[in-house]
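These notes concern the structure reproduced below.
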Amino acid sequence: MQFEKSKKHTNKMEPASAPLGGFLHNLRELPRNFWAAVFRNGMPTSERARSKAVFGNFFLHIHPARVHCRVLKPTATLGLGVITAALFVILLVTGVLLMVYYKPSLADAYDSILDIHHVVPTGRIIRNLHRWTAHGMVVAVFLHMARAFYTSAYKPPREFNWLIGLFLLVLTLALSFTGYLLPWDQLAFWAITVGANIAQSPREITDVLGITQSFDVGGFQKAILLGAHTVGQEALIRFYVLHIMVLPIIMVVIMGVHFWRIRKDGGLARPRAADPPPVPGPPAGAKTYGLMALIRDTSPLVDRDLKNTIPAWPRLFYAELAVGTIITAMSIAISLWADAPLKEIANPEVPENPAKAPWYFLGLQEIVSYSAFMGGIGIPVIVLLGLALIPFLDREKEEVGVWFSGRRGRRVACRSLLLAAAFVPATLAFTIRYGWLRNWFPEIPQIVITFANPGTLFVAVFAVWSLFVLTRTRSTRLAAIALFTTFLVSFIILTYFATVHRGPNWGFYWSQASWPELHGE
Amino acid sequence: MNTPIQRPTGSAKPAAGDRRWELLLLISSLTAALLFGAAAFRENNLAPWIAYQRAYRSALFARATDERTRRAAASFEIRYYQVYLPGLGRIDRCPTCHLGAEDPLMKDRPEPLRTHPGNILAHHPSDRFGCTICHGGRGRATEAREAHGAEPGRPAPMRRGDMLQAACAQCHSDAELPGMPVYNLARALFAKKACLGCHSLRGAGGAQGPDLTAAAGKHGVKWHVRHFMDPQKAVPGSKMPNPGLTEEEARALACLMMSFTGENLSRDYLPVPGARKAGGQVELAADRLGADVPPGAAPGYVGSETCLVCHSGLHPEAVESWRNSKMAHAFEAVRDAPDRERCLPCHATGYNPATNQFAEPNVTCEACHGPGKDFVPAALDGKVAEHRDRALANVRDRNPCVRCHQPHVPKEKHEEAVRRAAPKLGTATAAIESTSKN
């Protein structure tokens with residue numbers, strides 16, 4: 001049309017302007033056409049157009065076109081999954097910016113952090129953001145897992161996604177741990193040294209069995225981690241490669257699977273109460289139904305499900321973006337208020353005292369102070385195995401999507417909380433006051449302490465408590481709640497205790513202010 | 001029945017709900033953007049160094065008198081100023097705030113614009129040496145708190161006051177420096193107390209004590225002073241003998257410890273090329289040995305204080321029994337003797353008849369083991385066996401006992417001679433009587 005019109009125009013006027021006129025017209029129309037090419041359908045107004053907006057878009061179709069109205073209820077998930085994902089996005093963006101200036105070599109690493117902090121424009125806030133959101137993501141992942149557990153979101157058909165979530169938890173910790181070394185300051189160096197020694201701790205067992213010479217798992221793990229006997233250039237470069245490439249790529253892919261599985265498993269776990277029973281309609285046969293959607297679940301949802309759904313566009317997207325930007329704003333506010341820590345440049349000659357692992361490993365380090373193997377490998381493996389087996393051991397067809405599975409669960413959770421909150425501090429107080437086996441029998445073989453320390457005591461007592469709940473209530477779900485709650489509470493208490501109350505030589509101090517002066521001015 | 005199907009509350013009013021989330025998104029995005037803008041603005045426009053540079057520029061304008069100086073003031077740029085020192089592997093951004101350091105006209109301005117005091121920059125030009133090589137601190141930082149290293153728990157902060165003299169010892173070990181009393185005192189003490197007998201420094205010295213090469217990063221000044229005043233109190237179970245220092249001496253030695261940074265400075269920066277070849281600090285120790293001994297005494301004597309630094313800790317009973325013996329007090333009896341040059345060969349150590357001077361009163365280690373310069377450097381170099389063998393060989397070969405304890409001169413004859421020589425000398429005779437009684 002346009003072309004013909006300009007042709008007609010050409011015949012009247014000079015010949016040269018004919019292509020030019022068309023070109024000018026295209027140029028004028030460019031913004032509109034460009035806009036139309038990118039946003040093909042405009043703002044959707046009808047429900048059908050909203051659905052199209054979602055499944056016609058590569059990014060938006062992470063959600064189904066329609067979602068259950070309950071997903072917008074804040075108490076359903078507390079938005080923890082979205083918060084975790086948002087923190088990860090902030091970490092990706094700030095991480096790429098930091099990569100521009102960071103140099104992963106012993107000579108330059110620390111200096112490049114100082115440069116980022118002091119002279120790179122806006123470098124400080126970017127580094128602060130990266131540091132604080134990394135800690136935030138670890139917290140969010142833990143909370144997200146607790147939410148999924150307490151709302152039974154691991155039950156079939158979501159058991160596989162629970163496993164993927166566990167894998168993401170491990171990945172998050174690995175990302176955070178590898179990033180911890182990169183500033184190459186004293187904090188980083190000694191935390192990773194502690195970590196590497198924990199990786200070596202299977203020697204505690206192989207030494208006793210006398211097979212370390214031929215079967216040195218611990219030494220092999222440490223060698224894989226560090227590439228040398230001590231934390232040095234080899235460790236720095238492999239932590240860097242893991243941190244900026246290998247782990248993030250795996251993370252993005254597995255996160256994609258995690259999100260996709262949510263769709264495939266029928267959306268968020270929700271209780272039956274969220275879908276009121278159908279009002280008795282006209283007798284069967286009097287009305288015909290069109291096939292609106294195929295939804296995976298245990299019962300046909302004709303007349304119910306669709307009515308309780310809303311188009312994902314635009315409210316779900318607004319809500320998720322809002323949660324994401326709120327968490328971004330909070331992260332920036334924290335980064336404005338507090339600078340990311342940076343101690344002296346790493347000095348292998350001068351151990352930090354106390355040398356503490358990153359905070360999320362400090363609960364384990366408290367147990368490591370008795371047995372590196374039990375605290376660093378034994379108990380984490382028990383916990384991860386336990387978490388992975390939960391959906392397969394608790395097969396009760398309880399309602400999903402209900403916090404604590406109702407009143408009984410809430411009561412068990414409360415009691416478990418009280419038990420752990422009393423037993424763990426009492427045991428810690430006991431060890432501080434009276435010591436442990438090593439203090440009473442200095443000659444005792446380490447293998448005894450490997451299996452008899454406060455950590456294994458906690459595991460044993462909580463396992464007994466969980467079995468007690470199981471026999472009393474005959475409910476695997478309630479037993480699982482008992483076990484999960486006691487572990488979660490003791491993890492929090494141990495982490496707090498080791499972070500705040502452990503000082504030089506892993507001694508007990510009420511606060512850092514009462515640490516003895518070690519170095520002087 | 002025609003009742004309409006119940007709608008859950010969530011989707012009751014889609015339009016209103018839309019607006020609610022939309023509004024929340026709007027507010028949260030604006031907040032995030034605003035906060036990020038504030039962070040960027042604060043970081044890039046409100047840094048304290050910018051205020052200092054503005055003050056400096058107005059100071060330049062204030063004193064500008066002609067067209068040239070006014071143009072110079074106007075051309076002053078507000079930006080980072082730094083010294084890049086590839087030879088030292090440093091970037092010192094101190095001039096970003098300390099703008100007037102090399103401008104003599106800024107000497108009445110308050111810090112950080114003030115002129116650098118003294119004339120040290122004349123022979124340590126800042127474009128070659130920078131700032132942190134002497135002052136310490138973090139050269140790359142652009143904020144006072146971090147640049148000056150004031151955060152708690154940091155063992156080696158910026159060097160201040162007389163501790164600044166620690167910086168000298170990083171390169172200067174070959175000579176005393178005028179106007180640096182703390183450095184000079186520490187240097188003398190380091191040799192006199194034979195620190196390298198037990199400790200090593202840059203690969204030289206003994207292996208009994210901890211290596212000192214990077215001592216500056218391990219402990220702070222306060223700790224070192226405490227440690228020098230009472231080693232066992234600072235490190236329970238330490239084998240280090242108490243060096244018996246005054247507080248001032250302890251502070252000076254602590255200052256020297258602060259110069260042991262473990263950093264390998266480029267040879268180009270050393271005052272005498274190659275002065276710091278492996279063991280440069282040993283030369284420092286060895287050439288200072290015996291510095292307190294009077295120059296006229298017999299050559300090669302270093303004084304018992306050096307020996308006792310180690311040996312009072314190594315075998316305290318032996319040292320104690322010597323201390324309680326007549327030997328350790330032999331000088332008292334002859335101090336005021338009228339013709340004491342006759343007595344001194346036996347009542348003092350390292351006596352030189354030609355000059356009538358001696359190294360040390362009383363009969364001390366070197367009276368029997370021979371002049372220390374012969375075998376003490378071996379100990380300072382960590383060669384303990386050589387040190388021991390030579391010190392014992394001296395006793396064996398020289399047969400030093402009979403030099404004084406002559407079997408042919410009985411005790412009575414000696415006493416008689418003393419009485420005859422000084423009949424009215426109360427102290428000497430009293431001393432002899434008191435020792436005879438024992």
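Letters A, B, ... go to the chains of the structure tokens in the order shown; residues in each chain start at 1; ligands are counted from 1 in the same order.
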Check which residues of chain B sit at most 6 Å from chain A using only C-alpha atoms, and return one row each with the closest pair of atoms and their distance in Å to one decimal, ordered by chain and rising number, as a Markdown table.
| residue | atom | partner | partner_atom | distance |
| --- | --- | --- | --- | --- |
| B:Gly10 | CA | A:Cys69 | CA | 5.7 |
| B:Asp18 | CA | A:Arg315 | CA | 5.4 |
| B:Trp21 | CA | A:Ala319 | CA | 5.5 |
| B:Glu22 | CA | A:Tyr318 | CA | 5.7 |
| B:Leu25 | CA | A:Ala322 | CA | 4.2 |
| B:Ser28 | CA | A:Ile326 | CA | 5.2 |
| B:Ser29 | CA | A:Thr325 | CA | 5.5 |
| B:Ala32 | CA | A:Ala329 | CA | 4.0 |
| B:Ala40 | CA | A:Thr122 | CA | 5.3 |
| B:Ala141 | CA | A:His118 | CA | 5.7 |
| B:Thr142 | CA | A:His118 | CA | 5.8 |
| B:Pro155 | CA | A:His519 | CA | 5.6 |
| B:Lys218 | CA | A:Val350 | CA | 5.9 |
| B:His219 | CA | A:His519 | CA | 4.5 |
| B:Gly220 | CA | A:Gly520 | CA | 4.7 |
| B:Lys222 | CA | A:Gly520 | CA | 5.0 |
| B:Trp223 | CA | A:Gly520 | CA | 4.9 |
May I have the residues within 10 Å of Ala85 in chain A as JSON, numbers by chain, using only C-alpha atoms and disregarding those fewer than 6 positions away in the same chain?
{"A": [91, 137, 140, 141, 252, 255, 324]}
CA of Ala372 in chain A to CA of Ser201 in chain A measures 5.4 Å
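For the choices B:Thr306, B:Ala234, B:Pro86, B:Pro361, the atom-to-atom distance to His329 in chain B is smallest for B:Pro361 when using only C-alpha atoms.
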Across B:Met240, B:Ala194, B:Ala62, B:Leu24, the smallest distance to Leu314 in chain B, with only C-alpha atoms counted, is shown by B:Met240
Residues within 10 Å of range 393-398 of chain A, please, as a PDB file with N, CA and C atoms, in the first residue's frame. Count only C-alpha atoms; anything in the same chain fewer than 4 positions from it doesn't count.
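Result saved to result.pdb:
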ATOM      1  N   SER A 152       4.387 -29.072  53.932  1.00  0.00           N
ATOM      2  CA  SER A 152       4.338 -30.390  53.270  1.00  0.00           C
ATOM      3  C   SER A 152       4.525 -30.300  51.766  1.00  0.00           C
ATOM      4  N   TYR A 154       6.822 -31.094  50.050  1.00  0.00           N
ATOM      5  CA  TYR A 154       7.711 -32.121  49.501  1.00  0.00           C
ATOM      6  C   TYR A 154       6.946 -33.375  49.116  1.00  0.00           C
ATOM      7  N   LYS A 155       5.633 -33.375  49.401  1.00  0.00           N
ATOM      8  CA  LYS A 155       4.875 -34.616  49.209  1.00  0.00           C
ATOM      9  C   LYS A 155       4.598 -34.843  47.730  1.00  0.00           C
ATOM     10  N   PRO A 156       4.392 -36.098  47.366  1.00  0.00           N
ATOM     11  CA  PRO A 156       4.134 -36.378  45.957  1.00  0.00           C
ATOM     12  C   PRO A 156       3.041 -35.461  45.431  1.00  0.00           C
ATOM     13  N   PRO A 271      -3.949 -26.503  50.006  1.00  0.00           N
ATOM     14  CA  PRO A 271      -4.914 -27.385  50.679  1.00  0.00           C
ATOM     15  C   PRO A 271      -6.221 -27.438  49.904  1.00  0.00           C
ATOM     16  N   GLY A 386      19.014 -37.276  55.493  1.00  0.00           N
ATOM     17  CA  GLY A 386      17.715 -37.217  56.156  1.00  0.00           C
ATOM     18  C   GLY A 386      16.756 -36.328  55.398  1.00  0.00           C
ATOM     19  N   ALA A 388      16.881 -35.523  52.266  1.00  0.00           N
ATOM     20  CA  ALA A 388      16.555 -36.094  50.959  1.00  0.00           C
ATOM     21  C   ALA A 388      15.535 -37.225  51.098  1.00  0.00           C
ATOM     22  N   LEU A 389      15.570 -37.919  52.230  1.00  0.00           N
ATOM     23  CA  LEU A 389      14.684 -39.084  52.375  1.00  0.00           C
ATOM     24  C   LEU A 389      13.302 -38.716  52.907  1.00  0.00           C
ATOM     25  N   VAL A 402      -0.691 -26.737  54.094  1.00  0.00           N
ATOM     26  CA  VAL A 402      -1.154 -26.270  55.398  1.00  0.00           C
ATOM     27  C   VAL A 402       0.053 -26.188  56.328  1.00  0.00           C
ATOM     28  N   SER A 405       0.854 -28.824  58.988  1.00  0.00           N
ATOM     29  CA  SER A 405      -0.219 -29.818  58.822  1.00  0.00           C
ATOM     30  C   SER A 405      -1.289 -29.697  59.897  1.00  0.00           C
ATOM     31  N   GLY A 406      -1.488 -28.508  60.389  1.00  0.00           N
ATOM     32  CA  GLY A 406      -2.595 -28.332  61.319  1.00  0.00           C
ATOM     33  C   GLY A 406      -2.150 -28.198  62.769  1.00  0.00           C
ATOM     34  N   SER A 475       2.326 -41.093  63.435  1.00  0.00           N
ATOM     35  CA  SER A 475       2.297 -40.250  62.235  1.00  0.00           C
ATOM     36  C   SER A 475       3.732 -39.952  61.813  1.00  0.00           C
ATOM     37  N   THR A 476       4.083 -40.418  60.605  1.00  0.00           N
ATOM     38  CA  THR A 476       5.440 -40.124  60.125  1.00  0.00           C
ATOM     39  C   THR A 476       5.601 -38.629  59.884  1.00  0.00           C
ATOM     40  N   ARG A 477       4.535 -37.957  59.489  1.00  0.00           N
ATOM     41  CA  ARG A 477       4.615 -36.519  59.245  1.00  0.00           C
ATOM     42  C   ARG A 477       4.981 -35.783  60.536  1.00  0.00           C
ATOM     43  N   LEU A 478       4.324 -36.165  61.630  1.00  0.00           N
ATOM     44  CA  LEU A 478       4.610 -35.491  62.893  1.00  0.00           C
ATOM     45  C   LEU A 478       6.020 -35.816  63.367  1.00  0.00           C
ATOM     46  N   ALA A 479       6.464 -37.073  63.144  1.00  0.00           N
ATOM     47  CA  ALA A 479       7.829 -37.434  63.513  1.00  0.00           C
ATOM     48  C   ALA A 479       8.821 -36.618  62.706  1.00  0.00           C
ATOM     49  N   ALA A 480       8.489 -36.419  61.425  1.00  0.00           N
ATOM     50  CA  ALA A 480       9.374 -35.618  60.571  1.00  0.00           C
ATOM     51  C   ALA A 480       9.420 -34.183  61.072  1.00  0.00           C
TER      52      ALA A 480
END
Identify all residues of range 293-482 of chain A in strand (DSSP E or B) (DSSP on the backbone) and supply them as a count of residues only.
4
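The two atoms in question, CA of Met258 in chain B and CA of Arg160 in chain B, are spaced 11.4 Å apart.
Distances to Gly118 in chain B were evaluated for B:Ala191, B:Val418, B:Gly179, B:Arg20 using only C-alpha atoms, and the minimum falls at B:Gly179.
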Distance query Thr77 in chain A at most 9 Å, only C-alpha atoms, self and fewer than 2 positions along chain excluded, as a JSON list (two decimals) with N, CA and C atoms, in the first residue's frame:
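So the final result, stored in selection_31.json, reads:
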[["chain", "number", "residue", "atom", "x", "y", "z"],
["A", 71, "VAL", "N", -1.89, -18.20, 45.18],
["A", 71, "VAL", "CA", -0.45, -17.90, 45.14],
["A", 71, "VAL", "C", -0.20, -16.45, 45.55],
["A", 73, "LYS", "N", -1.59, -15.01, 48.03],
["A", 73, "LYS", "CA", -1.77, -14.87, 49.48],
["A", 73, "LYS", "C", -0.38, -14.90, 50.13],
["A", 74, "PRO", "N", 0.03, -13.83, 50.79],
["A", 74, "PRO", "CA", 1.41, -13.78, 51.30],
["A", 74, "PRO", "C", 1.77, -14.92, 52.23],
["A", 75, "THR", "N", 0.81, -15.38, 53.06],
["A", 75, "THR", "CA", 1.17, -16.41, 54.03],
["A", 75, "THR", "C", 1.34, -17.78, 53.39],
["A", 79, "GLY", "N", 6.69, -15.62, 50.09],
["A", 79, "GLY", "CA", 7.47, -15.09, 48.98],
["A", 79, "GLY", "C", 8.93, -15.48, 49.03],
["A", 80, "LEU", "N", 9.25, -16.54, 49.79],
["A", 80, "LEU", "CA", 10.68, -16.84, 50.02],
["A", 80, "LEU", "C", 11.39, -17.33, 48.77],
["A", 81, "GLY", "N", 10.66, -18.10, 47.93],
["A", 81, "GLY", "CA", 11.29, -18.56, 46.70],
["A", 81, "GLY", "C", 11.64, -17.39, 45.80],
["A", 144, "HIS", "N", 13.35, -20.77, 52.88],
["A", 144, "HIS", "CA", 12.52, -21.32, 51.82],
["A", 144, "HIS", "C", 12.36, -22.83, 52.01],
["A", 147, "ARG", "N", 10.03, -23.41, 54.87],
["A", 147, "ARG", "CA", 8.65, -23.17, 54.45],
["A", 147, "ARG", "C", 8.12, -24.38, 53.69],
["A", 148, "ALA", "N", 8.93, -24.87, 52.74],
["A", 148, "ALA", "CA", 8.49, -26.01, 51.93],
["A", 148, "ALA", "C", 8.24, -27.22, 52.82],
["A", 151, "THR", "N", 5.00, -26.73, 55.10],
["A", 151, "THR", "CA", 3.72, -26.76, 54.39],
["A", 151, "THR", "C", 3.58, -28.06, 53.59],
["A", 268, "LEU", "N", 1.81, -24.30, 43.16],
["A", 268, "LEU", "CA", 2.16, -24.36, 44.57],
["A", 268, "LEU", "C", 1.28, -25.36, 45.29],
["A", 401, "GLY", "N", 0.18, -27.88, 51.79],
["A", 401, "GLY", "CA", -0.08, -26.44, 51.76],
["A", 401, "GLY", "C", -0.62, -25.90, 53.07]]
So which residues touch range 241-253 of chain B within 8 Å, counting only C-alpha atoms, skipping near sequence neighbours fewer than 4 positions away, as a list of chain:residue names?
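Close residues of range 241-253 of chain B: B:Val182, B:Tyr183, B:Leu185, B:Ala186, B:Arg187, B:Leu189, B:Phe190, B:Lys193, B:Val221, B:His224, B:Val225, B:Phe228, B:Met229, B:Asp230, B:Pro231, B:Met257, B:Val309, B:Cys310, B:Ser312, B:Gly313.
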Can those selected residues be exported to a file as a PDB file, in the first residue's frame so that it contains C-alpha atoms?
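Below you can see part26.pdb, which holds the result:
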ATOM      1  CA  VAL B 182      64.925   5.288  68.905  1.00  0.00           C
ATOM      2  CA  TYR B 183      66.294   3.575  65.833  1.00  0.00           C
ATOM      3  CA  LEU B 185      69.089   2.643  70.508  1.00  0.00           C
ATOM      4  CA  ALA B 186      67.202  -0.325  69.071  1.00  0.00           C
ATOM      5  CA  ARG B 187      70.029  -1.102  66.699  1.00  0.00           C
ATOM      6  CA  LEU B 189      70.279  -3.280  71.743  1.00  0.00           C
ATOM      7  CA  PHE B 190      69.614  -5.758  68.975  1.00  0.00           C
ATOM      8  CA  LYS B 193      71.289  -8.618  73.440  1.00  0.00           C
ATOM      9  CA  VAL B 221      53.931  -2.401  69.656  1.00  0.00           C
ATOM     10  CA  HIS B 224      56.143  -6.346  72.076  1.00  0.00           C
ATOM     11  CA  VAL B 225      56.808  -3.933  74.951  1.00  0.00           C
ATOM     12  CA  PHE B 228      60.249  -7.554  76.282  1.00  0.00           C
ATOM     13  CA  MET B 229      59.525  -6.483  79.832  1.00  0.00           C
ATOM     14  CA  ASP B 230      58.463  -9.991  80.828  1.00  0.00           C
ATOM     15  CA  PRO B 231      58.598 -12.689  78.141  1.00  0.00           C
ATOM     16  CA  MET B 257      60.297  -5.332  65.474  1.00  0.00           C
ATOM     17  CA  VAL B 309      71.246 -13.029  77.153  1.00  0.00           C
ATOM     18  CA  CYS B 310      71.287 -16.666  76.143  1.00  0.00           C
ATOM     19  CA  SER B 312      71.349 -17.200  81.778  1.00  0.00           C
ATOM     20  CA  GLY B 313      68.403 -19.012  80.239  1.00  0.00           C
TER      21      GLY B 313
END
At a cut-off of 10 Å, using only C-alpha atoms, what residues contact Gly455 in chain A? Leave out same-chain residues fewer than 3 positions from it and give the result as an MDAnalysis selection string.
chainID A and resid 363:364 366:368 370:371 374:375 378:379 424 427 450:452 458:460 490 494
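Take CA of His369 in chain B and CA of Asp339 in chain B: the distance between them is 26.9 Å.
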Choose the residue, out of B:Phe358, B:Cys404, B:Pro236, B:Glu320, that has the smallest atom-to-atom separation from Pro295 in chain B; count only C-alpha atoms.
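Closest to Pro295 in chain B, using only C-alpha atoms: B:Phe358.
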Name the residues in contact with range 53-60 of chain B at a cut-off of 7 Å, using only C-alpha atoms, excluding same-chain residues fewer than 5 positions from it; report them as a PyMOL selection string.
chain B and resi 73+76+78+97+113
